[in-house]
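K.L.:
Structure file start_23.cif (mmCIF, C-alpha atoms and all ligand atoms) right here:
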data_input
#
loop_
_atom_site.label_atom_id
_atom_site.label_comp_id
_atom_site.auth_asym_id
_atom_site.auth_seq_id
_atom_site.Cartn_x
_atom_site.Cartn_y
_atom_site.Cartn_z
CA MET A 30 -9.67 -11.72 14.28
CA ARG A 31 -7.71 -12.42 17.43
CA VAL A 32 -3.98 -12.92 17.87
CA SER A 33 -1.93 -13.89 20.92
CA PHE A 34 1.81 -13.67 21.54
CA CYS A 35 4.40 -15.62 23.46
CA THR A 36 7.96 -14.30 23.76
CA LEU A 37 10.92 -16.49 24.62
CA GLY A 38 14.48 -15.32 25.18
CA CYS A 39 16.02 -11.90 25.38
CA LYS A 40 14.95 -8.26 25.62
CA VAL A 41 15.41 -7.77 21.89
CA ASN A 42 12.81 -10.46 21.28
CA GLN A 43 10.51 -8.67 23.71
CA TYR A 44 11.00 -5.53 21.67
CA ASP A 45 10.29 -7.31 18.39
CA THR A 46 7.15 -8.90 19.84
CA GLU A 47 5.82 -5.55 21.02
CA SER A 48 6.54 -4.05 17.62
CA MET A 49 4.64 -6.87 15.92
CA MET A 50 1.77 -6.42 18.39
CA SER A 51 1.49 -2.77 17.32
CA LEU A 52 1.41 -3.84 13.67
CA PHE A 53 -1.38 -6.35 14.32
CA ALA A 54 -3.33 -3.78 16.35
CA GLU A 55 -2.93 -1.23 13.54
CA ALA A 56 -4.24 -3.82 11.09
CA GLY A 57 -7.39 -4.20 13.22
CA TRP A 58 -6.59 -7.43 15.11
CA ASP A 59 -7.63 -7.95 18.73
CA ILE A 60 -4.73 -8.93 20.96
CA VAL A 61 -5.56 -11.56 23.56
CA ASP A 62 -3.47 -13.31 26.19
CA PHE A 63 -1.46 -16.33 25.14
CA GLY A 64 -3.45 -19.49 25.85
CA GLU A 65 -6.81 -17.83 25.18
CA GLU A 66 -9.03 -18.62 22.22
CA CYS A 67 -7.75 -16.96 19.05
CA GLU A 68 -7.25 -17.43 15.33
CA VAL A 69 -3.48 -16.83 15.38
CA SER A 70 -0.79 -17.53 18.00
CA LEU A 71 2.65 -16.05 17.39
CA ILE A 72 5.65 -17.47 19.21
CA ASN A 73 8.72 -15.28 19.07
CA SER A 74 11.31 -17.97 19.60
CA CYS A 75 14.81 -18.14 21.01
CA THR A 76 17.52 -20.58 20.12
CA VAL A 77 20.40 -19.54 22.30
CA THR A 78 20.23 -22.74 24.32
CA ALA A 79 18.80 -26.18 23.78
CA THR A 80 16.13 -25.16 26.31
CA GLY A 81 15.05 -22.35 23.98
CA ASP A 82 14.27 -24.84 21.20
CA LYS A 83 12.42 -27.14 23.57
CA LYS A 84 10.33 -24.29 24.91
CA THR A 85 9.41 -23.17 21.39
CA ARG A 86 8.06 -26.66 20.66
CA GLN A 87 6.18 -26.74 23.94
CA MET A 88 4.57 -23.36 23.32
CA ALA A 89 3.66 -24.27 19.72
CA SER A 90 2.03 -27.45 20.99
CA ARG A 91 0.18 -25.58 23.74
CA ALA A 92 -1.15 -23.03 21.23
CA HIS A 93 -2.26 -25.78 18.86
CA THR A 94 -4.01 -27.77 21.60
CA LYS A 95 -5.89 -24.70 22.80
CA ASN A 96 -6.84 -23.60 19.29
CA PRO A 97 -6.81 -26.71 17.08
CA GLU A 98 -8.28 -24.74 14.15
CA GLY A 99 -5.88 -21.83 14.66
CA ILE A 100 -2.68 -20.82 12.94
CA VAL A 101 0.63 -20.88 14.77
CA ILE A 102 3.44 -18.62 13.57
CA VAL A 103 6.98 -19.21 14.80
CA ALA A 104 9.09 -16.08 14.47
CA GLY A 105 12.55 -15.10 15.74
CA CYS A 106 15.85 -16.92 16.12
CA GLY A 107 14.42 -20.46 16.40
CA ALA A 108 12.64 -20.15 13.07
CA GLN A 109 15.64 -18.39 11.56
CA LYS A 110 17.80 -21.40 12.41
CA ALA A 111 15.39 -24.24 11.65
CA ALA A 112 12.40 -23.05 9.60
CA GLU A 113 11.45 -26.42 8.12
CA GLU A 114 11.58 -28.13 11.52
CA MET A 115 9.23 -25.50 12.88
CA LEU A 116 6.86 -25.85 9.93
CA ALA A 117 6.71 -29.61 10.55
CA LEU A 118 5.15 -29.01 13.98
CA PRO A 119 1.38 -29.50 14.15
CA GLY A 120 -0.52 -26.25 13.67
CA VAL A 121 2.53 -24.23 12.60
CA TYR A 122 1.73 -22.57 9.27
CA VAL A 123 4.27 -19.76 9.06
CA ALA A 124 7.98 -19.67 9.86
CA LEU A 125 9.13 -16.08 10.19
CA GLY A 126 12.75 -15.41 11.17
CA ASN A 127 14.48 -12.18 11.99
CA LYS A 128 13.42 -10.40 8.83
CA ASN A 129 10.02 -9.78 7.20
CA ARG A 130 8.53 -9.30 10.67
CA SER A 131 6.68 -6.26 9.41
CA LEU A 132 4.74 -8.64 7.14
CA ALA A 133 3.49 -10.72 10.08
CA PRO A 134 -0.17 -9.52 10.03
CA GLU A 135 -0.43 -10.05 6.28
CA LEU A 136 1.15 -13.52 6.43
CA ALA A 137 -1.11 -14.46 9.35
CA ALA A 138 -4.27 -13.43 7.48
CA ARG A 139 -3.16 -15.28 4.36
CA ALA A 140 -2.32 -18.49 6.24
CA TRP A 141 -5.66 -18.35 8.08
CA GLU A 142 -7.45 -18.17 4.76
CA THR A 143 -5.43 -20.54 2.61
CA ARG A 144 -4.19 -23.04 5.24
CA GLU A 145 -0.96 -23.27 3.29
CA LYS A 146 2.36 -23.66 5.07
CA HIS A 147 4.73 -20.79 4.31
CA ASN A 148 8.44 -20.43 4.92
CA ALA A 149 9.05 -16.67 5.12
CA VAL A 150 12.56 -16.98 6.55
CA GLY A 151 15.11 -15.17 4.44
CA ASP A 152 18.90 -15.50 4.41
CA ILE A 153 19.73 -13.17 7.25
CA MET A 154 23.45 -13.16 6.45
CA LYS A 155 22.68 -11.35 3.20
CA GLU A 156 20.41 -8.80 4.85
CA ARG A 157 21.70 -5.24 4.42
CA VAL A 158 18.70 -3.05 5.21
CA PHE A 159 17.29 -2.23 8.64
CA GLU A 160 13.74 -3.48 9.02
CA GLU A 161 11.44 -0.70 10.25
CA LEU A 162 9.46 -1.72 13.30
CA PRO A 163 7.58 0.58 15.68
CA ALA A 164 9.05 1.61 19.06
CA MET A 165 8.30 -0.24 22.28
CA THR A 166 6.54 2.01 24.75
CA ASP A 167 6.29 1.66 28.46
CA GLY A 168 3.19 3.38 29.86
CA ARG A 169 3.29 6.96 28.61
CA THR A 170 6.71 8.08 29.72
CA ARG A 171 9.47 6.01 28.16
CA ALA A 172 9.87 4.78 24.60
CA THR A 173 12.53 2.34 23.47
CA LEU A 174 13.65 2.60 19.87
CA LYS A 175 15.73 -0.08 18.27
CA ILE A 176 17.94 1.87 15.88
CA GLN A 177 20.38 -0.87 14.93
CA ASP A 178 20.20 -4.59 14.24
CA GLY A 179 22.77 -7.34 13.67
CA CYS A 180 26.39 -7.68 14.69
CA ASN A 181 29.71 -8.28 12.90
CA ARG A 182 31.76 -9.02 16.02
CA PHE A 183 31.49 -12.79 16.38
CA CYS A 184 32.37 -13.07 20.06
CA SER A 185 33.20 -16.73 20.52
CA TYR A 186 30.28 -17.47 22.86
CA CYS A 187 27.56 -15.60 20.99
CA ILE A 188 25.07 -16.89 18.42
CA ILE A 189 23.63 -13.48 17.56
CA PRO A 190 25.72 -12.74 14.43
CA PHE A 191 24.41 -16.03 12.98
CA THR A 192 20.75 -15.45 13.81
CA ARG A 193 20.50 -11.69 13.39
CA GLY A 194 22.93 -11.14 10.54
CA PRO A 195 25.27 -8.22 9.82
CA VAL A 196 25.05 -4.64 11.12
CA ARG A 197 22.09 -2.67 9.77
CA SER A 198 21.27 0.84 10.97
CA ARG A 199 17.99 2.66 10.93
CA GLN A 200 18.01 5.76 8.73
CA PRO A 201 18.39 8.90 10.90
CA GLU A 202 15.32 10.48 9.28
CA ASN A 203 13.16 7.55 10.37
CA VAL A 204 14.55 7.64 13.90
CA LEU A 205 13.86 11.37 14.17
CA LYS A 206 10.39 11.07 12.69
CA GLU A 207 9.37 8.44 15.24
CA VAL A 208 10.90 10.31 18.20
CA LYS A 209 9.10 13.50 17.15
CA ARG A 210 5.78 11.67 16.95
CA LEU A 211 6.23 10.03 20.36
CA ALA A 212 7.45 13.26 21.98
CA ALA A 213 4.30 14.96 20.69
CA GLU A 214 2.28 12.21 22.37
CA GLY A 215 4.00 13.06 25.66
CA PHE A 216 6.83 10.54 25.90
CA MET A 217 9.80 12.09 27.67
CA GLU A 218 12.53 9.48 27.85
CA PHE A 219 13.91 7.81 24.75
CA VAL A 220 16.05 4.73 25.03
CA LEU A 221 18.17 4.09 21.95
CA THR A 222 19.06 0.42 21.65
CA GLY A 223 20.47 -2.08 19.22
CA ILE A 224 22.08 -5.47 19.07
CA HIS A 225 25.49 -3.82 18.80
CA LEU A 226 24.61 -0.18 19.28
CA ALA A 227 28.20 1.06 19.02
CA SER A 228 28.12 -0.02 15.36
CA TYR A 229 25.23 2.32 14.60
CA GLY A 230 25.78 4.14 11.33
CA ARG A 231 28.76 2.17 10.02
CA ASP A 232 26.68 0.90 7.11
CA ILE A 233 25.04 4.24 6.31
CA GLU A 234 27.94 6.64 6.76
CA THR A 235 27.01 8.21 10.05
CA ASP A 236 27.69 7.31 13.67
CA LEU A 237 26.06 6.93 17.04
CA ILE A 238 27.06 10.29 18.49
CA ALA A 239 25.57 12.09 15.48
CA ILE A 240 22.14 10.49 15.96
CA ILE A 241 22.30 11.10 19.73
CA GLU A 242 22.90 14.80 19.09
CA ARG A 243 20.03 15.00 16.62
CA VAL A 244 17.58 13.22 18.95
CA CYS A 245 18.60 15.48 21.85
CA ALA A 246 17.92 18.54 19.68
CA LEU A 247 14.23 17.65 19.30
CA ASP A 248 11.60 19.55 21.29
CA GLY A 249 9.79 17.47 23.87
CA VAL A 250 12.67 15.06 24.38
CA LYS A 251 13.68 15.34 28.04
CA ARG A 252 16.02 12.40 28.39
CA VAL A 253 17.98 10.12 26.11
CA ARG A 254 19.25 6.85 27.53
CA LEU A 255 21.63 4.57 25.69
CA GLY A 256 21.55 0.80 25.48
CA SER A 257 24.58 -1.40 25.98
CA LEU A 258 27.83 -0.16 24.41
CA GLU A 259 31.25 -1.65 23.86
CA PRO A 260 34.21 0.05 25.57
CA LEU A 261 36.04 0.98 22.38
CA ILE A 262 33.41 3.61 21.60
CA LEU A 263 34.56 5.66 24.59
CA THR A 264 36.90 7.97 22.68
CA GLU A 265 37.65 11.59 23.65
CA ASP A 266 35.36 12.77 20.87
CA PHE A 267 32.41 10.53 21.85
CA CYS A 268 32.66 11.31 25.56
CA ALA A 269 33.12 15.06 25.08
CA ARG A 270 30.16 15.27 22.72
CA CYS A 271 27.95 13.14 25.01
CA ALA A 272 28.90 15.34 27.96
CA ALA A 273 27.81 18.39 25.98
CA GLN A 274 24.28 16.93 25.74
CA SER A 275 22.55 17.53 29.05
CA LYS A 276 19.64 15.30 27.97
CA VAL A 277 21.88 12.23 27.75
CA CYS A 278 21.41 10.22 30.94
CA ARG A 279 24.59 9.85 32.91
CA GLN A 280 24.35 6.11 32.93
CA PHE A 281 26.38 4.03 30.53
CA HIS A 282 26.15 0.29 30.22
CA ILE A 283 29.55 -0.82 28.97
CA SER A 284 29.82 -4.59 28.43
CA LEU A 285 32.85 -6.09 30.15
CA GLN A 286 32.31 -9.90 30.14
CA SER A 287 35.70 -10.53 31.77
CA GLY A 288 38.36 -8.40 33.44
CA CYS A 289 41.16 -10.76 32.44
CA ASP A 290 43.01 -10.41 29.12
CA SER A 291 43.47 -14.13 28.44
CA VAL A 292 39.73 -14.78 28.90
CA LEU A 293 38.84 -11.73 26.80
CA ALA A 294 41.06 -13.11 24.03
CA ARG A 295 39.35 -16.51 24.19
CA MET A 296 36.03 -14.70 24.06
CA ASN A 297 37.26 -12.81 20.97
CA ARG A 298 36.23 -9.55 22.63
CA ARG A 299 38.82 -7.37 20.82
CA TYR A 300 39.81 -5.22 23.79
CA THR A 301 42.05 -5.69 26.80
CA ALA A 302 41.23 -4.90 30.41
CA ASP A 303 43.54 -1.86 30.18
CA GLU A 304 41.77 -0.57 27.09
CA TYR A 305 38.46 -1.00 28.89
CA ALA A 306 39.77 0.88 31.94
CA HIS A 307 41.10 3.63 29.70
CA GLY A 308 37.65 4.05 28.09
CA ILE A 309 36.02 4.40 31.51
CA GLU A 310 38.68 6.91 32.56
CA THR A 311 37.86 9.01 29.50
CA LEU A 312 34.13 8.74 30.22
CA ARG A 313 34.63 9.84 33.81
CA LYS A 314 36.95 12.68 32.76
CA TYR A 315 34.02 14.27 30.92
CA MET A 316 31.16 13.00 33.11
CA PRO A 317 32.51 12.30 36.60
CA GLU A 318 29.03 11.69 37.95
CA ALA A 319 28.24 8.95 35.39
CA ALA A 320 27.05 5.57 36.60
CA VAL A 321 28.84 2.78 34.77
CA THR A 322 27.00 -0.54 34.69
CA THR A 323 28.09 -3.75 33.02
CA ASP A 324 27.59 -7.42 32.12
CA VAL A 325 29.99 -10.16 33.07
CA ILE A 326 30.12 -13.87 32.26
CA ALA A 327 30.97 -16.19 35.16
CA GLY A 328 32.89 -19.38 34.42
CA PHE A 329 33.75 -19.06 30.73
CA PRO A 330 35.23 -22.38 29.46
CA GLY A 331 38.78 -22.84 30.70
CA GLU A 332 38.61 -19.92 33.13
CA THR A 333 41.06 -20.61 35.96
CA GLU A 334 40.61 -19.52 39.54
CA GLU A 335 43.33 -16.93 38.95
CA GLU A 336 41.56 -15.54 35.88
CA HIS A 337 38.34 -15.31 37.85
CA ARG A 338 40.17 -13.44 40.67
CA LYS A 339 41.53 -10.97 38.10
CA THR A 340 37.97 -10.26 36.98
CA LEU A 341 36.83 -9.69 40.59
CA GLU A 342 39.74 -7.30 41.17
CA PHE A 343 39.07 -5.46 37.95
CA ILE A 344 35.38 -5.03 38.73
CA ALA A 345 36.19 -3.66 42.17
CA ARG A 346 38.76 -1.30 40.63
CA ILE A 347 36.30 0.13 38.12
CA ALA A 348 33.68 0.51 40.89
CA PHE A 349 30.68 -0.26 38.73
CA ALA A 350 27.29 1.05 39.81
CA ARG A 351 25.67 -2.27 38.88
CA VAL A 352 26.90 -5.60 37.56
CA HIS A 353 24.71 -8.08 35.69
CA VAL A 354 26.16 -11.54 36.09
CA PHE A 355 25.50 -14.39 33.66
CA PRO A 356 26.87 -17.84 34.40
CA TYR A 357 28.33 -19.08 31.13
CA SER A 358 25.79 -20.98 29.08
CA ARG A 359 26.85 -22.96 26.02
CA ARG A 360 25.35 -21.86 22.67
CA PRO A 361 25.52 -24.69 20.14
CA GLY A 362 26.98 -23.48 16.86
CA THR A 363 29.46 -21.07 18.44
CA LYS A 364 33.25 -21.45 18.76
CA ALA A 365 33.11 -21.54 22.54
CA ALA A 366 30.69 -24.46 22.38
CA GLU A 367 33.64 -26.59 21.20
CA LEU A 368 35.55 -25.85 24.43
CA ILE A 369 35.17 -27.93 27.55
CA ASP A 370 32.60 -26.46 29.89
CA LEU A 371 33.46 -25.89 33.56
CA PRO A 372 31.45 -27.88 36.11
CA LYS A 373 28.15 -26.24 37.00
CA ARG A 374 29.07 -25.87 40.67
CA VAL A 375 32.20 -23.87 39.71
CA LYS A 376 30.19 -21.57 37.46
CA SER A 377 27.54 -21.08 40.14
CA ALA A 378 30.09 -20.37 42.87
CA ARG A 379 31.88 -17.80 40.70
CA ALA A 380 28.59 -16.21 39.70
CA ALA A 381 27.61 -15.93 43.37
CA GLU A 382 30.90 -14.17 44.19
CA LEU A 383 30.43 -11.73 41.32
CA ILE A 384 26.82 -11.05 42.30
CA GLU A 385 27.84 -10.34 45.88
CA LEU A 386 30.58 -7.98 44.75
CA GLY A 387 28.15 -6.26 42.36
CA ARG A 388 25.66 -5.79 45.19
CA ARG A 389 28.28 -4.19 47.43
CA LEU A 390 29.36 -1.85 44.64
CA GLU A 391 25.77 -0.91 43.86
CA HIS A 392 25.14 -0.03 47.51
CA ALA A 393 28.36 1.99 47.61
CA TYR A 394 27.33 3.84 44.45
CA ILE A 395 23.90 4.73 45.84
CA ASP A 396 25.45 5.74 49.17
CA SER A 397 27.85 8.04 47.36
CA ALA A 398 24.89 9.80 45.72
CA LEU A 399 23.05 10.45 49.01
CA GLY A 400 22.74 14.16 49.70
CA SER A 401 22.71 15.04 45.98
CA VAL A 402 19.71 16.39 44.09
CA GLN A 403 18.88 14.41 40.96
CA SER A 404 16.05 14.51 38.46
CA VAL A 405 13.71 11.51 38.66
CA LEU A 406 11.14 10.48 36.09
CA LEU A 407 8.20 9.23 38.18
CA GLU A 408 6.76 6.07 36.70
CA GLN A 409 4.99 3.91 39.28
CA GLU A 410 3.43 3.87 42.70
CA ASP A 411 4.87 1.30 45.10
CA ALA A 412 3.00 -0.77 47.70
CA SER A 413 3.37 1.96 50.33
CA GLY A 414 1.93 4.65 48.06
CA ARG A 415 5.26 6.30 47.20
CA MET A 416 6.02 7.30 43.64
CA THR A 417 9.05 5.60 42.18
CA GLY A 418 11.26 6.12 39.18
CA TYR A 419 14.85 6.38 38.11
CA THR A 420 17.41 9.15 38.28
CA GLY A 421 19.36 9.89 35.12
CA THR A 422 22.11 7.77 36.70
CA TYR A 423 19.59 4.93 37.00
CA ILE A 424 19.22 4.90 40.75
CA HIS A 425 15.80 3.53 41.64
CA THR A 426 14.24 6.22 43.80
CA ALA A 427 11.08 6.51 45.90
CA VAL A 428 9.45 9.78 47.03
CA ASN A 429 6.27 10.95 48.70
CA GLY A 430 4.34 13.18 46.32
CA GLY A 431 4.62 13.91 42.64
CA SER A 432 2.59 12.20 39.99
CA HIS A 433 3.04 9.70 37.23
CA GLY A 434 4.97 10.99 34.21
CA GLU A 435 6.52 13.97 35.98
CA ILE A 436 10.22 14.69 36.11
CA VAL A 437 11.03 16.08 39.55
CA ASP A 438 14.23 17.08 41.32
CA VAL A 439 14.73 14.81 44.28
CA LYS A 440 17.17 15.10 47.15
CA LEU A 441 18.40 11.58 47.88
CA LEU A 442 18.37 11.02 51.63
CA LYS A 443 18.71 7.38 52.50
CA ARG A 444 19.21 3.95 50.97
CA GLU A 445 16.78 1.07 51.47
CA GLY A 446 18.22 -2.01 49.73
CA GLU A 447 18.75 -0.99 46.12
CA THR A 448 16.35 1.97 46.34
CA ALA A 449 17.17 5.54 47.34
CA LEU A 450 14.54 7.31 49.40
CA GLY A 451 14.29 11.02 48.80
CA GLU A 452 12.23 14.15 49.02
CA ILE A 453 11.10 16.41 46.24
CA ALA A 454 13.27 19.50 46.19
CA GLY A 455 11.46 22.89 45.96
CA ASP A 456 8.86 23.30 43.23
CA SER A 457 10.87 21.14 40.85
CA ALA A 458 7.82 19.49 39.29
CA GLU A 459 7.51 22.62 37.17
CA SER A 460 10.79 21.81 35.48
CA ALA A 461 9.30 18.76 33.85
CA ASN A 462 7.17 20.93 31.66
CA GLU A 463 9.71 23.55 30.73
S1 LIG B 1 28.22 -10.54 22.39
FE1 LIG B 1 27.50 -8.64 21.46
S2 LIG B 1 29.29 -7.92 20.31
FE2 LIG B 1 29.67 -10.07 20.72
S3 LIG B 1 28.87 -11.15 18.92
FE3 LIG B 1 27.23 -11.12 20.43
S4 LIG B 1 26.01 -9.31 19.90
FE4 LIG B 1 27.99 -9.11 18.88
#
For the file at hand, write its structure as structure tokens.
P.N.:
Amino acid sequence: MRVSFCTLGCKVNQYDTESMMSLFAEAGWDIVDFGEECEVSLINSCTVTATGDKKTRQMASRAHTKNPEGIVIVAGCGAQKAAEEMLALPGVYVALGNKNRSLAPELAARAWETREKHNAVGDIMKERVFEELPAMTDGRTRATLKIQDGCNRFCSYCIIPFTRGPVRSRQPENVLKEVKRLAAEGFMEFVLTGIHLASYGRDIETDLIAIIERVCALDGVKRVRLGSLEPLILTEDFCARCAAQSKVCRQFHISLQSGCDSVLARMNRRYTADEYAHGIETLRKYMPEAAVTTDVIAGFPGETEEEHRKTLEFIARIAFARVHVFPYSRRPGTKAAELIDLPKRVKSARAAELIELGRRLEHAYIDSALGSVQSVLLEQEDASGRMTGYTGTYIHTAVNGGSHGEIVDVKLLKREGETALGEIAGDSAESANE
């Protein structure tokens, strides 16, 4: 039997799709490209914008036209929100939301056989247990493990708490078991992610720093990278304990969204710009070399020119190593969706200013690292035959020599755009296998 996948929306959906792919492969299915002939097409849908819903319908229709006898499954946030609407689409036999994803192969086989429509979407708001899904792997070097799902924060612009439900954490034993298995297969870098990673453990009486320490203690683990965190996690205890773990990459993605208190309050972000700055100060006290990256929303409803300026000033003050800018986009069903949107040209102009500032800061950060020696996990060859990878501080680096999957010490010599060019220092390749 053949199955194809189409992922819409965010990185978390990408993760869930890859996990479901592994489950289908384990169950003996052949995975083919979306749009090819197959018995089952799975669309992992997104509902964050009206466009997301439209795309889901388009993809379901495309899958059905290509394989009129096939089964279409709609999984993810779109199905979570509107299961019956999805099931009414031609060819859609299974609606699978943000739970029961581990049952996808079984539900697909059953629908193929019985041709009965099945609504497998559960009430996500009542979900209390983390659903085990396999890690997402990238070649043979880096594995991403989702260790937490759901969010209790209810930021005013975000639909996630409604589509992904409350905080659920993966049991430490299961995290460690999977990391051990992947490390034995040769994976070196482990990225721990979640929807609201800082909440890890709150439902199972542990916390994020405890699982970080346990993962770092495992043989074969060379690097641990953390997904996006909120600033309030940056306490003395957290930062000191992270600093004590040499395997923790010195790159921290700390969501900002706005550098202006009044906008943060309207976003229901639960911290002030000063509290954010204090967290970064603490982080840098223990890890002065750390790269701090962030996300920011341009043109939140009601944002004045002055509020926008405050955000620009704040970003420059923090001197981020990278800034991801998202022009505000309305999510129906959220509190912010009731506010009056700013004109598109204002949002675009503010986004452009933030992007330009972010680019300057990124260059300045890379420039400040020139001359230093940093470990780089080599992952890919670029068009000119150089090996490329990232430093622990997430500087994209290119070198001559070295081979795929090696961790080498590289002296950073020069910046070319957003890439640092360097040379391998001494016989550092050995250190990868220590
Ligand atoms: S933005 Fe992040 S913290 Fe806020 S509600 Fe959404 S997932 Fe939760």
K.L.:
Excluding A:Tyr186 and its own-chain neighbours fewer than 4 positions away, which residues fall within 9 Å of it when counting all atoms listed in the file? Please give them as a PyMOL selection string.
P.N.:
chain A and resi 296-297+329+357-360+363-366
K.L.:
Suppose you want the space between atom CA of A:Gly168 and atom CA of A:Glu218; what is it in Å?
P.N.:
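Atom CA of A:Glu218 lies 11.3 Å from atom CA of A:Gly168.
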K.L.:
For the point (16.4, 12.4, 12.5) in the file's frame, write as a count of residues only all residues with an atom no more than 7 Å away, counting only C-alpha atoms.
P.N.:
9
K.L.:
Looking at only C-alpha atoms, which of A:Ala213, A:Leu371, A:Ala149, A:Leu162 is the one that sits closest to A:Glu135?
P.N.:
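Counting only C-alpha atoms, the residue closest to A:Glu135 is A:Ala149.
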K.L.:
Which value, in Å to one decimal, gives the distance between atom CA of A:Ile347 and atom CA of A:Gly451?
P.N.:
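Straight-line distance from atom CA of A:Ile347 to atom CA of A:Gly451 works out to 26.8 Å.
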K.L.:
Using all atoms listed in the file, which protein or nucleic acid residues come within 12 Å of A:Glu234? Drop anything in the same chain fewer than 5 positions from it, and give the result as an MDAnalysis selection string.
P.N.:
chainID A and resid 197:201 228:229 239:240
K.L.:
Any idea what the distance is between atom CA of A:Asp396 and atom CA of A:Arg415?
P.N.:
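Here the two named atoms are 20.3 Å from each other.
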K.L.:
Restricting the calculation to only C-alpha atoms and all ligand atoms, which member of A:Cys184, A:Val375, A:Ile384, A:Ala172 is positioned closest to ligand LIG 1 (chain B)?
P.N.:
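Under the stated criterion, the closest residue is A:Cys184.
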K.L.:
Need the shell around A:Arg351: protein/DNA/RNA residues with any atom at most 8 Å away, counting all atoms listed in the file. Skip same-chain ones fewer than 6 positions apart. Format as a ChimeraX atom specification?
P.N.:
/A:321-323,387-388,390-391
K.L.:
Counting only C-alpha atoms and all ligand atoms, which residue out of A:Ile233, A:Val41, A:Leu211, A:Ala449 sits closest to ligand LIG 1 (chain B)?
P.N.:
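Selected residue with least distance to ligand LIG 1 (chain B): A:Val41.
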K.L.:
For a quick check of understanding, using all atoms listed in the file, which of A:Val220, A:Ile188, A:Leu125, A:Ala306 has the smallest distance to A:Pro361?
P.N.:
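For A:Pro361, the nearest of the candidates is A:Ile188.
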K.L.:
Just want the 10 Å neighbourhood of A:Ala111, counted on only C-alpha atoms, with same-chain residues fewer than 4 positions away dropped. Output as number ranges by chain.
P.N.:
A: 76, 82, 106-107, 115-116, 124, 126, 150
